Amino acid sequence: MTTAPEAMPVSVTESRLPVANGRQTVREVWRLSRGHRARLVTVVVSGIASTAVNLIPPAVVGVLIDRVHAGTADLGTVLTITVVMGVSAVVAAGGTAATTVLATWLYQTILARLREQLVGRALALPQHLVERAGTGDLISRTSDDVTAVADAAPTVIGALTATAFTVIVSLAGLVALEWPYAAAFLIVLPVYAMAMRWYLRTGPQVYRVERAAMSKRAQQIVESQRGYATVLGFGLGEQRHHTVMKASWGVAIHTLRARTVQSMFNARLNLAECLSLATVLITGFLLIHHGSSTVGAATTAMLLVLRLLGPINQLLFVFDIIQSAAASLSRIIGITTTPGTEAGEPGMTGDTTVRLREVAFHYEDGPRVLDGITLDITAGEHVAVVGASGAGKTTLAAVIAGIHPPDTGTVTRPARTAVITQEVHVFAGTIRDNLTLAAPEANEREIHAALEATGAAAILDLLPDGLDTLVGSGEHQLTDAQTQQVALARLLLVDPELVILDEATAEAGSTHAALLDRGAEAALRGRTGLVIAHRLSQAAACDRIVVMEHGRIIETGTHDGLVAAGGVYAGLWATWRKGKSLGGACGSE
Ligand SMILES: Nc1ncnc2c1ncn2[C@@H]1O[C@H](COP(=O)(O)OP(=O)(O)OP(=O)(O)O)[C@@H](O)[C@H]1O
């Protein structure tokens with residue numbers, strides 16, 4: 001009796017990252033095999049041949065039994081049959097080994113290509129897609145789904161090549177012995193079909209839910225790790241722990257359900273096996289009783305059926321794994337076939353201006369946070385955006401940067417746009433790695449010039465190994481100000497046409513703020529710039545100021561003009577001046 005192998009979890013269809021359909025998946029796998037098709041054919045032929053050789057032993061055992069039964073077996077017969085069985089076993093083993101090696105080489109090569117494409121494409125995905133779907137889904141595809149496909153490949157490829165031919169040859173063998181043997185086996189096939197039908201109706205849904213629970217858990221863990229500082233800062237450890245624990249329990253419950261479904265499928269398969277053996281045994285008994293079959297033929301028939309059961313179960317199990325792995329594969333190929341940003345995102349233009357027309361935007365299920373935004377930023381102009389918290393400043397920056405596509409309206413921006421957001425990540429590696437991340441060709445002189453210009457050169461004096469100091473998790477920790485300075489220097493090395501600065505708030509008048517203002521000034525010099533002004537001193541130094549309220553632009557003009565107009569900005573400025581000292585981001589102060 002048999003036991004089903006561990007079923008792979010299937011993918012979440014409700015995911016918002018694209019999922020390829022069956023035809024796209026097959027076409028893509030076929031494309032990936034380009035250059036290796038001759039090997040593919042060899043794998044199929046050698047797998048089929050070795051399976052066919054495996055059918056020789058049942059046939060010769062039947063002959064031996066009949067000869068023994070007829071009293072014609074002598075030592076020569078036994079030796080001949082032994083040699084035939086021995087040779088067929090060696091040939092089948094050699095063929096299977098060769099098939100396995102060739103198949104392994106083939107699928108590993110294809111998988112390696114797929115992985116390369118996946119990583120390359122994942123890094124080039126349009127940001128708004130990843131933002132909307134959540135990084136957990138992307139991580140799940142690049143880890144869980146790749147593992148599912150890699151684990152499934154050996155089983156699937158080996159079994160598929162062997163199974164189909166075994167079934168055909170064994171059935172042909174049963175017919176050649178006596179057609180009732182084949183008929184006896186065939187009448188049990190509906191039981192297999194019913195087991196399969198039940199499983200296909202029940203399994204995918206259970207696995208899908210299991211996989212959705214896994215994605216949710218991954219998302220919760222990633223968010224807890226990403227927001228580590230916030231979790232610590234706000235004492236959210238207990239709450240995050242509870243959320244992750246709840247998500248983990250969800251996985252445990254759904255995994256238990258999935259394994260239960262698997263066990264029930266096994267029970268149905270075992271019933272089908274018992275019925276096949278019983279019907280062929282009874283048929284053999286009846287045929288021998290009526291003198292139309294021999295004991296040897298009945299034995300061969302039983303051995304052939306026993307041989308058939310293995311591949312049939314294997315086919316069903318492989319079907320299960322294929323189904324699960326195919327879902328993972330379609331999730332992976334959904335990513336690899338998604339157009340990346342290399343060819344340019346919508347809204348990218350060849351000039352250095354920014355142009356927004358009647359732009360509206362809302363977050364998933366939320367209200368509109370941008371409404372009727374029309375704005376032009378001319379080449380080289382520095383525009384500051386100010387407004388109360390929640391006015392939509394950061395969202396506007398993200399829409400201009402192409403991170404969020406607008407719901408309605410149009411946005412155009414320069415092709416080379418660089419953004420510094422409030423959360424700057426330090427990549428594991430050296431300071432040099434972090435600086436040259438987006439400009440790998442930058443030389444030593446350019447790196448130092450960028451550090452000087454942004455005021456970040458002083459950081460090097462504080463680091464044990466200068467540019468080669470290892471930073472990131474578990475290594476030297478940069479302060480927030482240093483991290484942002486490094487980000488500004490990195491931005492200089494990229495030399496963008498449009499700079500969008502939405503840096504973390506720094507207390508006005510602090511050394512931190514002064515350092516950031518100096519870095520920002522260097523980053524904006526000679527470029528078109530949009531500054532989300534968290535300190536009004538940043539706004540005052542820009543060419544033009546845009547005031548936002550509830551997702552709309554309510555005032556726009558120069559600092560002096562807006563102060564003189566006595567509107568919302570003038571009020572903000574008056575409040576600001578009361579308690580703050582001035583610095584500047586746009587560099588004109
Ligand atoms: N990822 C998000 N999902 C849903 N709503 C969001 C998201 N980000 C921002 N919002 C909402 O959109 C509105 C505008 O937020 P936004 O961050 O753009 O404002 P802001 O003016 O930059 O505020 P702040 O100065 O506090 O950063 C707010 O109501 C905010 O709660």
# chains A, B, ... in the order shown; residues from 1 in each chain; ligands from 1
call {"tool": "residues_near_ligand", "arguments": {"ligand": "ligand 1", "cutoff": "7 Å", "atoms": "only C-alpha atoms and all ligand atoms", "output": "mmCIF file with N, CA and C atoms, in the first residue's frame"}}
result
data_model
loop_
_atom_site.group_PDB
_atom_site.id
_atom_site.type_symbol
_atom_site.label_atom_id
_atom_site.label_comp_id
_atom_site.auth_asym_id
_atom_site.auth_seq_id
_atom_site.Cartn_x
_atom_site.Cartn_y
_atom_site.Cartn_z
ATOM 1 N N TYR A 363 -5.457 55.516 -1.864
ATOM 2 C CA TYR A 363 -4.872 54.233 -1.484
ATOM 3 C C TYR A 363 -5.984 53.197 -1.477
ATOM 4 N N GLU A 364 -5.593 51.965 -1.570
ATOM 5 C CA GLU A 364 -6.523 50.830 -1.507
ATOM 6 C C GLU A 364 -7.638 51.079 -0.485
ATOM 7 N N GLY A 366 -9.200 53.352 0.510
ATOM 8 C CA GLY A 366 -9.209 54.600 1.281
ATOM 9 C C GLY A 366 -9.849 55.731 0.485
ATOM 10 N N VAL A 369 -6.679 60.910 -1.590
ATOM 11 C CA VAL A 369 -5.705 61.691 -0.818
ATOM 12 C C VAL A 369 -5.037 62.735 -1.705
ATOM 13 N N GLY A 387 2.541 71.696 4.124
ATOM 14 C CA GLY A 387 1.148 71.430 4.514
ATOM 15 C C GLY A 387 1.138 70.635 5.806
ATOM 16 N N ALA A 388 -0.038 70.579 6.394
ATOM 17 C CA ALA A 388 -0.160 69.861 7.662
ATOM 18 C C ALA A 388 0.074 68.370 7.442
ATOM 19 N N SER A 389 0.313 67.660 8.537
ATOM 20 C CA SER A 389 0.491 66.214 8.446
ATOM 21 C C SER A 389 -0.780 65.579 7.859
ATOM 22 N N GLY A 390 -0.581 64.715 6.880
ATOM 23 C CA GLY A 390 -1.733 64.050 6.258
ATOM 24 C C GLY A 390 -2.300 64.815 5.075
ATOM 25 N N ALA A 391 -1.686 65.956 4.731
ATOM 26 C CA ALA A 391 -2.208 66.772 3.620
ATOM 27 C C ALA A 391 -2.014 66.084 2.277
ATOM 28 N N GLY A 392 -1.060 65.147 2.210
ATOM 29 C CA GLY A 392 -0.829 64.428 0.953
ATOM 30 C C GLY A 392 0.527 64.710 0.319
ATOM 31 N N LYS A 393 1.430 65.316 1.088
ATOM 32 C CA LYS A 393 2.739 65.722 0.540
ATOM 33 C C LYS A 393 3.550 64.505 0.076
ATOM 34 N N THR A 394 3.687 63.514 0.977
ATOM 35 C CA THR A 394 4.478 62.319 0.647
ATOM 36 C C THR A 394 3.838 61.558 -0.511
ATOM 37 N N THR A 395 2.512 61.509 -0.504
ATOM 38 C CA THR A 395 1.806 60.807 -1.582
ATOM 39 C C THR A 395 2.080 61.506 -2.909
ATOM 40 N N LEU A 396 2.063 62.840 -2.888
ATOM 41 C CA LEU A 396 2.328 63.592 -4.116
ATOM 42 C C LEU A 396 3.736 63.261 -4.630
ATOM 43 N N HIS A 534 9.751 69.452 5.540
ATOM 44 C CA HIS A 534 9.330 69.156 6.907
ATOM 45 C C HIS A 534 9.723 70.299 7.841
#
call {"tool": "atom_distance", "arguments": {"atom1": "atom CA of His550 of chain A", "atom2": "atom CA of Val563 of chain A"}}
result
20.9 Å
call {"tool": "residues_around", "arguments": {"residues": "Ile322 of chain A", "least_positions_apart": "2", "cutoff": "9 Å", "atoms": "only C-alpha atoms", "output": "JSON, numbers by chain"}}
result
{"A": [8, 149, 152, 153, 156, 317, 318, 319, 320, 324, 325, 326, 327]}
call {"tool": "closest_residue", "arguments": {"among": "A:Ala540, A:Val87, A:Thr99, A:Gly519", "to": "Ala159 of chain A", "atoms": "only C-alpha atoms"}}
result
A:Thr99
call {"tool": "closest_residue", "arguments": {"among": "A:Gly235, A:Pro126, A:Pro180, A:Gly310", "to": "Asn270 of chain A", "atoms": "only C-alpha atoms"}}
result
A:Gly310
